[in-house]
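*Asks:* Questions regarding the structure given below will be posed in turn.
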Amino acid sequence: MADGLLFVYTDPGPVPAAEFNDWYDNEHGPARLTVPGITSGSRFHALDDALPPWLAYYEFRQGTLDSPEYRALADNASAREKSIMSSLATLDRRVYELISDDSAPGGDDPPGESDGPDGPDGLDVLAGPPVVLAVSLSVPPSAEADLAAWYADEHIPALLKVPGWRRVRRYRLLEGGAPTYLALSEVESAAVFEEPAYQASVSTPRRNRLVELAIERERRLFGLHKAFG
């Protein structure tokens with residue numbers, strides 16, 4: 001089971017868009033999928049006009065990022081890879097561990113399965129979701145239990161009743177300068193945010209109280225650019 005997430009925001013800055021995308025789509029991203037334990041990867045472009053404009057994430061088994069195969073990616077990097085990586089305006093790398101994984105009833109595939117092509121270790125490679133909502137949040141230690149209970153008892157069940165809401169995964173930050181908790185939702189399109197059921201889910205007293213307690217909060221919306229496999 002992939003219980004880790006490597007989550008990376010990038011801004012190419014001075015790197016021309018065509019070169020940046022060719023490098024990421026055909027060199028950088030595919031190379032990560034050659035590492036045993038990395039089970040899927042996808043790239044997304046911002047739909048919210050905020051910066052950074054690009055997101056990529058990779059699902060992996062814990063311990064993979066400490067493996068010789070993963071370390072070899074940096075040790076054996078091409079001249080192009082080194083040049084572009086050193087030129088990026090933003091490289092915001094975060095590592096998470098999985099807390100929970102919930103899917104809407106009647107989804108096409110259970111979490112972690114697909115009918116896509118096999119990955120490097122024989123696992124199916126997940127097709128990337130059309131749209132992802134990434135909400136990161138830190139609350140005081142005294143409110144963490146309330147945050148977990150709200151997600152489990154109220155918020156996630158409510159979101160999964162919204163038409164077009166596919167899946168919600170929660171993660172805890174292990175590495176990186178970011179809020180402690182990430183909720184990563186997969187949805188059919190940005191139209192889900194106009195649904196009355198969604199509006200109701202983000203208007204409850206419990207939700208408003210926890211948002212008021214938040215020390216840090218980020219909300220980003222992205223559309224699929226490419227799924228690696």
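How things are named: the first chain in the structure tokens is A, the next is B, and so on; residues count from 1 in each chain; ligands count from 1 in the order shown.
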Find the residues around Arg167 (chain A) up to 8 Å (only C-alpha atoms counted), leave out those fewer than 3 positions away in its own chain, and share them as JSON, numbers by chain.

*Replies:* {"A": [101, 102, 103, 104, 160, 185, 186, 187]}

*Asks:* In region 35-218 of chain A, what's strand (DSSP E) per DSSP? Answer as an MDAnalysis selection string?

*Replies:* chainID A and resid 38:46 54:60 90:103 131:138 165:175 181:187 216:218

*Asks:* Apply DSSP to the backbone of this structure and, from region 14-204 of chain A, keep only the residues in helix (DSSP H, G or I); write these as JSON, numbers by chain.

*Replies:* {"A": [17, 18, 19, 20, 21, 22, 23, 24, 25, 26, 27, 28, 29, 30, 31, 32, 64, 65, 66, 68, 69, 70, 71, 72, 73, 74, 75, 79, 80, 81, 82, 83, 84, 85, 86, 87, 141, 142, 143, 144, 145, 146, 147, 148, 149, 150, 151, 152, 153, 154, 155, 156, 157, 158, 159, 190, 191, 192, 193, 194, 196, 197, 198, 199, 200, 201]}

*Asks:* Would you please work out which residue, of A:Val139, A:Ala200, A:Leu73, A:Ile84, is nearest to Val35 (chain A) when using only C-alpha atoms?

*Replies:*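 That would be A:Leu73, the residue with the smallest distance to Val35 (chain A).
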
*Asks:* Got a sec: who's within 10 Å of Leu174 (chain A), counting only C-alpha atoms, leaving out chain neighbours fewer than 2 positions off, as a list in words?

*Replies:*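 Here the qualifying residues turn out to be Gly4, Leu5, Arg94, Val95, Tyr96, Glu97, Tyr171, Arg172, Gly176, Gly177, Ala178, Thr180 and Tyr181 of chain A.
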
*Asks:* Just C-alpha atoms for this one: save the residues we selected as an mmCIF file, in the first residue's frame.

*Replies:*
```cif
data_model
loop_
_atom_site.group_PDB
_atom_site.id
_atom_site.type_symbol
_atom_site.label_atom_id
_atom_site.label_comp_id
_atom_site.auth_asym_id
_atom_site.auth_seq_id
_atom_site.Cartn_x
_atom_site.Cartn_y
_atom_site.Cartn_z
ATOM 1 C CA GLY A 4 3.343 8.214 1.648
ATOM 2 C CA LEU A 5 2.955 11.248 -0.571
ATOM 3 C CA ARG A 94 6.695 18.273 1.100
ATOM 4 C CA VAL A 95 6.570 14.680 2.343
ATOM 5 C CA TYR A 96 3.452 13.280 4.022
ATOM 6 C CA GLU A 97 2.204 10.118 5.685
ATOM 7 C CA TYR A 171 -2.090 13.302 5.367
ATOM 8 C CA ARG A 172 0.258 14.432 8.146
ATOM 9 C CA GLY A 176 8.734 20.547 4.532
ATOM 10 C CA GLY A 177 7.678 24.000 5.596
ATOM 11 C CA ALA A 178 3.906 23.742 5.397
ATOM 12 C CA THR A 180 0.666 20.091 9.436
ATOM 13 C CA TYR A 181 -2.366 18.452 7.847
#
```

*Asks:* Which one of A:Phe44, A:Arg207, A:Trp165, A:Tyr70 sits closest to Ala149 (chain A) if you count only C-alpha atoms?

*Replies:*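 Between A:Phe44, A:Arg207, A:Trp165, A:Tyr70, the residue approaching Ala149 (chain A) most closely is A:Arg207.
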
*Asks:* Report as a ChimeraX atom specification all protein, DNA and RNA residues lying within 6 Å of region 10-26 of chain A, evaluated on only C-alpha atoms, omitting residues in the same chain fewer than 2 positions from it.

*Replies:* /A:28-29,52-54,88-91

*Asks:* For Pro163 (chain A), which residue out of A:Glu195, A:Tyr57, A:Leu137, A:Glu175 is the nearest one, using only C-alpha atoms?

*Replies:*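 Ranking A:Glu195, A:Tyr57, A:Leu137, A:Glu175 by distance to Pro163 (chain A), first place goes to A:Glu195.
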
*Asks:* Can you pull out every residue within 9 Å of Arg220 (chain A), counting only C-alpha atoms, but drop anything in the same chain fewer than 5 positions away, and send it as a PyMOL selection string?

*Replies:* chain A and resi 46-48+50+132-136

*Asks:* Can you tell me which residues surround Ser203 (chain A) at a distance of at most 12 Å, considering only C-alpha atoms, apart from same-chain residues fewer than 6 positions away, and format the answer as a list of chain:residue names?

*Replies:*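 Listed by chain and then number, they are A:Glu154, A:His155, A:Ala158, A:Pro196, A:Ala197, A:Arg209, A:Leu210, A:Val211.
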
*Asks:* Selection from above, C-alpha atoms, as a compact mmCIF listing (two decimals), in the first residue's frame, can you write it?

*Replies:*
```
# COMPACT_ATOMS: atom_id res chain seq x y z
CA GLU A 154 -18.78 15.36 9.56
CA HIS A 155 -16.69 16.84 6.79
CA ALA A 158 -20.52 15.36 3.69
CA PRO A 196 -25.56 23.12 -2.65
CA ALA A 197 -24.23 20.07 -0.79
CA ARG A 209 -14.81 27.22 14.60
CA LEU A 210 -11.82 25.14 13.45
CA VAL A 211 -10.97 27.56 10.63
```

*Asks:* Using only C-alpha atoms, which residues sit within 7 Å of Ser138 (chain A) once same-chain residues fewer than 5 positions away are excluded, as a PyMOL selection string?

*Replies:* chain A and resi 179-181+214-217
